Amino acid sequence: MGVDAGALGLMALARSSGADFSRVMTIGRHRLNVSTDDLETFFRTRNRADLAARASDGSMEGYCEELLRVAFGAEIVKSMDASDYEQADIVHDMNTPLLSNEHYSVVLDFGTLEHVFNVPVALDNVAALCAPGAHILHVLPSNNYVGHGFYQFSPELFYQVYAPERGYEGTRVFGAPASTPDVWYEVKAPRDVGARVDITSRDQMHLLVLTRKVGEPVPLVQKPVQQSDYVQMWKTDRKVAKRERRSDLERFVRAALNTMRHRRKVARRDVSSQRSDITPRQVLTLTGSF
């Protein structure tokens, strides 16, 4: 877990969207996984020669606390983890409910949630750590990360968990394939599209999630969210579909063509394909204000 180029860009987007980084909680202690040269380039391309100079002297290396203080104006940076292996400030297993009176203006999860078995409890804990108006940022595995952790995540989960009726606003989700670091793909909410947004990718892809807590959400362990297309389906009149009767020849031909049909379907759903439910975004344009 840590702050890579995607996480750095997401924090820049959050900052330009009004996020207050004065009190930061990281879920897991995050290392700075960006080279000194790349960090310097990041700041120079955003017209921050002062921060580029600080990056070049190596003072931000190691864990992310110094980066957050110097570049994002953090006054308090704390970390939470299930063990003290990396000297986290608070030792707590995110699988269990968190009882804390401390609240933060930004909560960062850059590669932790996929390692937590009890995801609903972990998401409730993230919400509980947020002060009113706090921003939540996630960078989590989506496609082609099987075996990395317990889970790979879908945009649908975050659009339902961070829905307006649950007390959130401004939720945005991006697919970030490893092969296109300069382009993110903004995914529309399936509830707005009125259909599932199925996504494939040729290489490893992270989801980048940004949202703002403005209310008091009912805990997920009390009232779980449902997938949006099913919710819509349940509201419509029930229709009993007639099963199509096929001949032996029709079934044989259909089975023979299944492999080709599957390959074409996967290609059509690739995140980089031209489609109405996903919009390519140039990262520098999106995150250039700093």
# chains A, B, ... in the order shown; residues from 1 in each chain; ligands from 1
call {"tool": "residues_around", "arguments": {"residues": "A:Thr171", "least_positions_apart": "5", "cutoff": "12 Å", "atoms": "only C-alpha atoms", "output": "ChimeraX atom specification"}}
result
/A:14,17,135-138,155-164,166,186-189,208-214
call {"tool": "write_last_selection", "arguments": {"atoms": "C-alpha atoms", "output": "PDB file, in the first residue's frame"}}
result
ATOM      1  CA  ALA A  14      -9.351  16.277  -4.332  1.00  0.00           C
ATOM      2  CA  SER A  17     -12.200  20.053  -5.604  1.00  0.00           C
ATOM      3  CA  HIS A 135     -13.387  13.746   1.692  1.00  0.00           C
ATOM      4  CA  ILE A 136     -12.703  10.035   1.215  1.00  0.00           C
ATOM      5  CA  LEU A 137     -10.179   8.810  -1.355  1.00  0.00           C
ATOM      6  CA  HIS A 138      -9.633   5.203  -2.435  1.00  0.00           C
ATOM      7  CA  PRO A 155     -17.464   1.102  -9.620  1.00  0.00           C
ATOM      8  CA  GLU A 156     -21.026   0.025  -8.783  1.00  0.00           C
ATOM      9  CA  LEU A 157     -20.032  -0.681  -5.159  1.00  0.00           C
ATOM     10  CA  PHE A 158     -18.799   2.859  -4.569  1.00  0.00           C
ATOM     11  CA  TYR A 159     -21.633   4.561  -6.431  1.00  0.00           C
ATOM     12  CA  GLN A 160     -24.096   2.727  -4.187  1.00  0.00           C
ATOM     13  CA  VAL A 161     -22.155   3.079  -0.921  1.00  0.00           C
ATOM     14  CA  TYR A 162     -21.408   6.762  -1.607  1.00  0.00           C
ATOM     15  CA  ALA A 163     -24.870   7.612  -2.946  1.00  0.00           C
ATOM     16  CA  PRO A 164     -26.605  10.944  -2.188  1.00  0.00           C
ATOM     17  CA  ARG A 166     -26.671   7.771   2.073  1.00  0.00           C
ATOM     18  CA  GLU A 186     -14.240   8.272 -15.707  1.00  0.00           C
ATOM     19  CA  VAL A 187     -17.026   5.762 -15.192  1.00  0.00           C
ATOM     20  CA  LYS A 188     -20.621   6.967 -15.089  1.00  0.00           C
ATOM     21  CA  ALA A 189     -22.837   5.698 -12.291  1.00  0.00           C
ATOM     22  CA  LEU A 208      -9.725   5.746  -8.143  1.00  0.00           C
ATOM     23  CA  VAL A 209     -12.620   6.932  -5.991  1.00  0.00           C
ATOM     24  CA  LEU A 210     -13.327  10.407  -4.647  1.00  0.00           C
ATOM     25  CA  THR A 211     -16.339  11.404  -2.554  1.00  0.00           C
ATOM     26  CA  ARG A 212     -17.422  13.808   0.175  1.00  0.00           C
ATOM     27  CA  LYS A 213     -19.393  12.921   3.280  1.00  0.00           C
ATOM     28  CA  VAL A 214     -22.109  15.502   3.965  1.00  0.00           C
TER      29      VAL A 214
END
call {"tool": "select_by_dssp", "arguments": {"residues": "stretch 53-114 of chain A", "states": "alpha helix (DSSP H)", "output": "ChimeraX atom specification"}}
result
/A:53-56,65-72
call {"tool": "write_last_selection", "arguments": {"atoms": "N, CA and C atoms", "output": "PDB file, in the first residue's frame"}}
result
ATOM      1  N   ALA A  53      11.475  21.598  -5.977  1.00  0.00           N
ATOM      2  CA  ALA A  53      12.776  21.733  -5.317  1.00  0.00           C
ATOM      3  C   ALA A  53      12.815  20.913  -4.028  1.00  0.00           C
ATOM      4  N   ARG A  54      11.708  20.933  -3.288  1.00  0.00           N
ATOM      5  CA  ARG A  54      11.652  20.135  -2.063  1.00  0.00           C
ATOM      6  C   ARG A  54      11.700  18.648  -2.383  1.00  0.00           C
ATOM      7  N   ALA A  55      11.042  18.271  -3.472  1.00  0.00           N
ATOM      8  CA  ALA A  55      11.055  16.854  -3.860  1.00  0.00           C
ATOM      9  C   ALA A  55      12.449  16.404  -4.273  1.00  0.00           C
ATOM     10  N   SER A  56      13.175  17.276  -4.962  1.00  0.00           N
ATOM     11  CA  SER A  56      14.488  16.890  -5.490  1.00  0.00           C
ATOM     12  C   SER A  56      15.523  16.665  -4.400  1.00  0.00           C
ATOM     13  N   GLU A  65       3.876  10.993   5.211  1.00  0.00           N
ATOM     14  CA  GLU A  65       3.540  12.089   6.118  1.00  0.00           C
ATOM     15  C   GLU A  65       4.172  13.415   5.706  1.00  0.00           C
ATOM     16  N   GLU A  66       5.438  13.401   5.306  1.00  0.00           N
ATOM     17  CA  GLU A  66       6.113  14.643   4.945  1.00  0.00           C
ATOM     18  C   GLU A  66       5.525  15.234   3.669  1.00  0.00           C
ATOM     19  N   LEU A  67       5.208  14.390   2.706  1.00  0.00           N
ATOM     20  CA  LEU A  67       4.550  14.855   1.486  1.00  0.00           C
ATOM     21  C   LEU A  67       3.240  15.559   1.823  1.00  0.00           C
ATOM     22  N   LEU A  68       2.458  14.962   2.693  1.00  0.00           N
ATOM     23  CA  LEU A  68       1.163  15.544   3.045  1.00  0.00           C
ATOM     24  C   LEU A  68       1.331  16.876   3.769  1.00  0.00           C
ATOM     25  N   ARG A  69       2.351  16.973   4.601  1.00  0.00           N
ATOM     26  CA  ARG A  69       2.571  18.230   5.329  1.00  0.00           C
ATOM     27  C   ARG A  69       3.076  19.332   4.398  1.00  0.00           C
ATOM     28  N   VAL A  70       4.083  19.000   3.588  1.00  0.00           N
ATOM     29  CA  VAL A  70       4.737  20.016   2.764  1.00  0.00           C
ATOM     30  C   VAL A  70       3.866  20.419   1.574  1.00  0.00           C
ATOM     31  N   ALA A  71       3.314  19.430   0.855  1.00  0.00           N
ATOM     32  CA  ALA A  71       2.620  19.719  -0.398  1.00  0.00           C
ATOM     33  C   ALA A  71       1.123  19.957  -0.228  1.00  0.00           C
ATOM     34  N   PHE A  72       0.528  19.397   0.819  1.00  0.00           N
ATOM     35  CA  PHE A  72      -0.927  19.488   0.965  1.00  0.00           C
ATOM     36  C   PHE A  72      -1.356  20.239   2.224  1.00  0.00           C
TER      37      PHE A  72
END
call {"tool": "residues_around", "arguments": {"residues": "A:Val119", "least_positions_apart": "4", "cutoff": "9 Å", "atoms": "only C-alpha atoms", "output": "number ranges by chain"}}
result
A: 94-95, 113-114, 123-124
call {"tool": "write_last_selection", "arguments": {"atoms": "N, CA and C atoms", "output": "PDB file, in the first residue's frame"}}
result
ATOM      1  N   MET A  94      -9.544  -3.373  10.890  1.00  0.00           N
ATOM      2  CA  MET A  94     -10.701  -2.786  10.214  1.00  0.00           C
ATOM      3  C   MET A  94     -11.837  -3.784  10.011  1.00  0.00           C
ATOM      4  N   ASN A  95     -11.611  -5.053  10.330  1.00  0.00           N
ATOM      5  CA  ASN A  95     -12.688  -6.036  10.288  1.00  0.00           C
ATOM      6  C   ASN A  95     -13.690  -5.844  11.421  1.00  0.00           C
ATOM      7  N   LEU A 113      -8.228  -1.697   1.537  1.00  0.00           N
ATOM      8  CA  LEU A 113      -9.544  -2.323   1.657  1.00  0.00           C
ATOM      9  C   LEU A 113      -9.598  -3.714   1.042  1.00  0.00           C
ATOM     10  N   GLU A 114      -8.803  -3.970  -0.010  1.00  0.00           N
ATOM     11  CA  GLU A 114      -8.842  -5.287  -0.646  1.00  0.00           C
ATOM     12  C   GLU A 114      -8.280  -6.381   0.253  1.00  0.00           C
ATOM     13  N   LEU A 123     -15.863  -0.134   5.561  1.00  0.00           N
ATOM     14  CA  LEU A 123     -16.417   1.087   4.986  1.00  0.00           C
ATOM     15  C   LEU A 123     -17.163   1.907   6.034  1.00  0.00           C
ATOM     16  N   ASP A 124     -17.842   1.233   6.952  1.00  0.00           N
ATOM     17  CA  ASP A 124     -18.481   1.958   8.066  1.00  0.00           C
ATOM     18  C   ASP A 124     -17.430   2.649   8.924  1.00  0.00           C
TER      19      ASP A 124
END
call {"tool": "closest_atom_pairs", "arguments": {"of": "stretch 93-140 of chain A", "to": "stretch 198-207 of chain A", "cutoff": "10 Å", "atoms": "only C-alpha atoms", "output": "CSV"}}
result
residue,atom,partner,partner_atom,distance
A:Gly111,CA,A:His206,CA,9.5
A:His138,CA,A:Leu207,CA,7.6
A:Val139,CA,A:Leu207,CA,5.7
A:Leu140,CA,A:Leu207,CA,5.3
call {"tool": "residues_around", "arguments": {"residues": "A:Val218", "least_positions_apart": "2", "cutoff": "10 Å", "atoms": "only C-alpha atoms", "output": "list in words"}}
result
Asp124, Ala127, Glu165, Arg166, Gly167, Gly215, Glu216, Leu220, Val221, Gln222, Lys223 and Pro224 of chain A
call {"tool": "closest_residue", "arguments": {"among": "A:Val126, A:Met25, A:Val231, A:Leu51", "to": "A:Met80", "atoms": "only C-alpha atoms"}}
result
A:Met25
call {"tool": "residues_around", "arguments": {"residues": "A:Ala7", "least_positions_apart": "2", "cutoff": "8 Å", "atoms": "only C-alpha atoms", "output": "ChimeraX atom specification"}}
result
/A:3-5,9-11,110,139,208
call {"tool": "atom_distance", "arguments": {"atom1": "atom CA of A:Ala82", "atom2": "atom CA of A:Val107"}}
result
16.4 Å
call {"tool": "atom_distance", "arguments": {"atom1": "atom CA of A:Val225", "atom2": "atom CA of A:Arg23"}}
result
28.8 Å
call {"tool": "closest_residue", "arguments": {"among": "A:Ala128, A:Pro177, A:Phe150, A:Asn47", "to": "A:Pro97", "atoms": "only C-alpha atoms"}}
result
A:Ala128
call {"tool": "atom_distance", "arguments": {"atom1": "atom CA of A:Asp192", "atom2": "atom CA of A:Trp234"}}
result
16.6 Å
call {"tool": "residues_around", "arguments": {"residues": "A:His103", "least_positions_apart": "3", "cutoff": "6 Å", "atoms": "only C-alpha atoms", "output": "short mmCIF file (atom, residue, chain, number, x, y, z; two decimals) with N, CA and C atoms, in the first residue's frame"}}
result
data_model
loop_
_atom_site.label_atom_id
_atom_site.label_comp_id
_atom_site.auth_asym_id
_atom_site.auth_seq_id
_atom_site.Cartn_x
_atom_site.Cartn_y
_atom_site.Cartn_z
N LEU A 129 -14.73 7.78 10.72
CA LEU A 129 -13.53 8.61 10.91
C LEU A 129 -13.68 10.00 10.31
N CYS A 130 -14.71 10.20 9.48
CA CYS A 130 -14.86 11.46 8.75
C CYS A 130 -15.56 12.52 9.58
N ALA A 131 -14.99 13.70 9.58
CA ALA A 131 -15.68 14.87 10.11
C ALA A 131 -16.73 15.31 9.09
#
call {"tool": "closest_residue", "arguments": {"among": "A:Asn118, A:Asn33, A:Ser22, A:Gln87", "to": "A:Gly6", "atoms": "only C-alpha atoms"}}
result
A:Asn33
call {"tool": "closest_residue", "arguments": {"among": "A:Gly58, A:Gly149, A:Gly28, A:Pro120", "to": "A:Ile90", "atoms": "only C-alpha atoms"}}
result
A:Gly28
call {"tool": "select_by_dssp", "arguments": {"residues": "stretch 40-118 of chain A", "states": "strand (DSSP E or B)", "output": "PyMOL selection string"}}
result
chain A and resi 63+76-81+90-91+104-109
call {"tool": "write_last_selection", "arguments": {"atoms": "N, CA and C atoms", "output": "compact mmCIF listing (two decimals), in the first residue's frame"}}
result
# COMPACT_ATOMS: atom_id res chain seq x y z
N TYR A 63 7.79 7.34 4.10
CA TYR A 63 6.34 7.32 4.24
C TYR A 63 5.77 8.67 3.80
N ILE A 76 -2.09 17.54 10.85
CA ILE A 76 -2.10 16.27 11.58
C ILE A 76 -2.21 15.14 10.57
N VAL A 77 -1.32 14.16 10.64
CA VAL A 77 -1.38 12.97 9.81
C VAL A 77 -1.25 11.76 10.71
N LYS A 78 -2.28 10.93 10.72
CA LYS A 78 -2.25 9.71 11.52
C LYS A 78 -2.54 8.51 10.62
N SER A 79 -2.08 7.35 11.06
CA SER A 79 -2.30 6.13 10.30
C SER A 79 -2.91 5.07 11.20
N MET A 80 -3.66 4.15 10.57
CA MET A 80 -4.30 3.07 11.30
C MET A 80 -4.02 1.76 10.58
N ASP A 81 -3.65 0.74 11.35
CA ASP A 81 -3.37 -0.56 10.74
C ASP A 81 -3.69 -1.66 11.74
N ILE A 90 -2.33 4.20 15.20
CA ILE A 90 -3.44 3.51 15.85
C ILE A 90 -3.48 2.07 15.34
N VAL A 91 -3.45 1.12 16.26
CA VAL A 91 -3.55 -0.29 15.89
C VAL A 91 -5.00 -0.72 16.06
N TYR A 104 -11.54 13.30 11.05
CA TYR A 104 -10.53 13.81 10.14
C TYR A 104 -11.18 14.45 8.93
N SER A 105 -10.45 15.38 8.30
CA SER A 105 -10.98 16.09 7.15
C SER A 105 -10.77 15.32 5.85
N VAL A 106 -9.81 14.41 5.84
CA VAL A 106 -9.56 13.53 4.70
C VAL A 106 -9.20 12.15 5.22
N VAL A 107 -9.79 11.12 4.60
CA VAL A 107 -9.42 9.73 4.91
C VAL A 107 -8.92 9.10 3.62
N LEU A 108 -7.71 8.54 3.68
CA LEU A 108 -7.05 7.96 2.51
C LEU A 108 -6.94 6.45 2.64
N ASP A 109 -7.36 5.75 1.62
CA ASP A 109 -7.22 4.29 1.54
C ASP A 109 -6.58 3.97 0.21
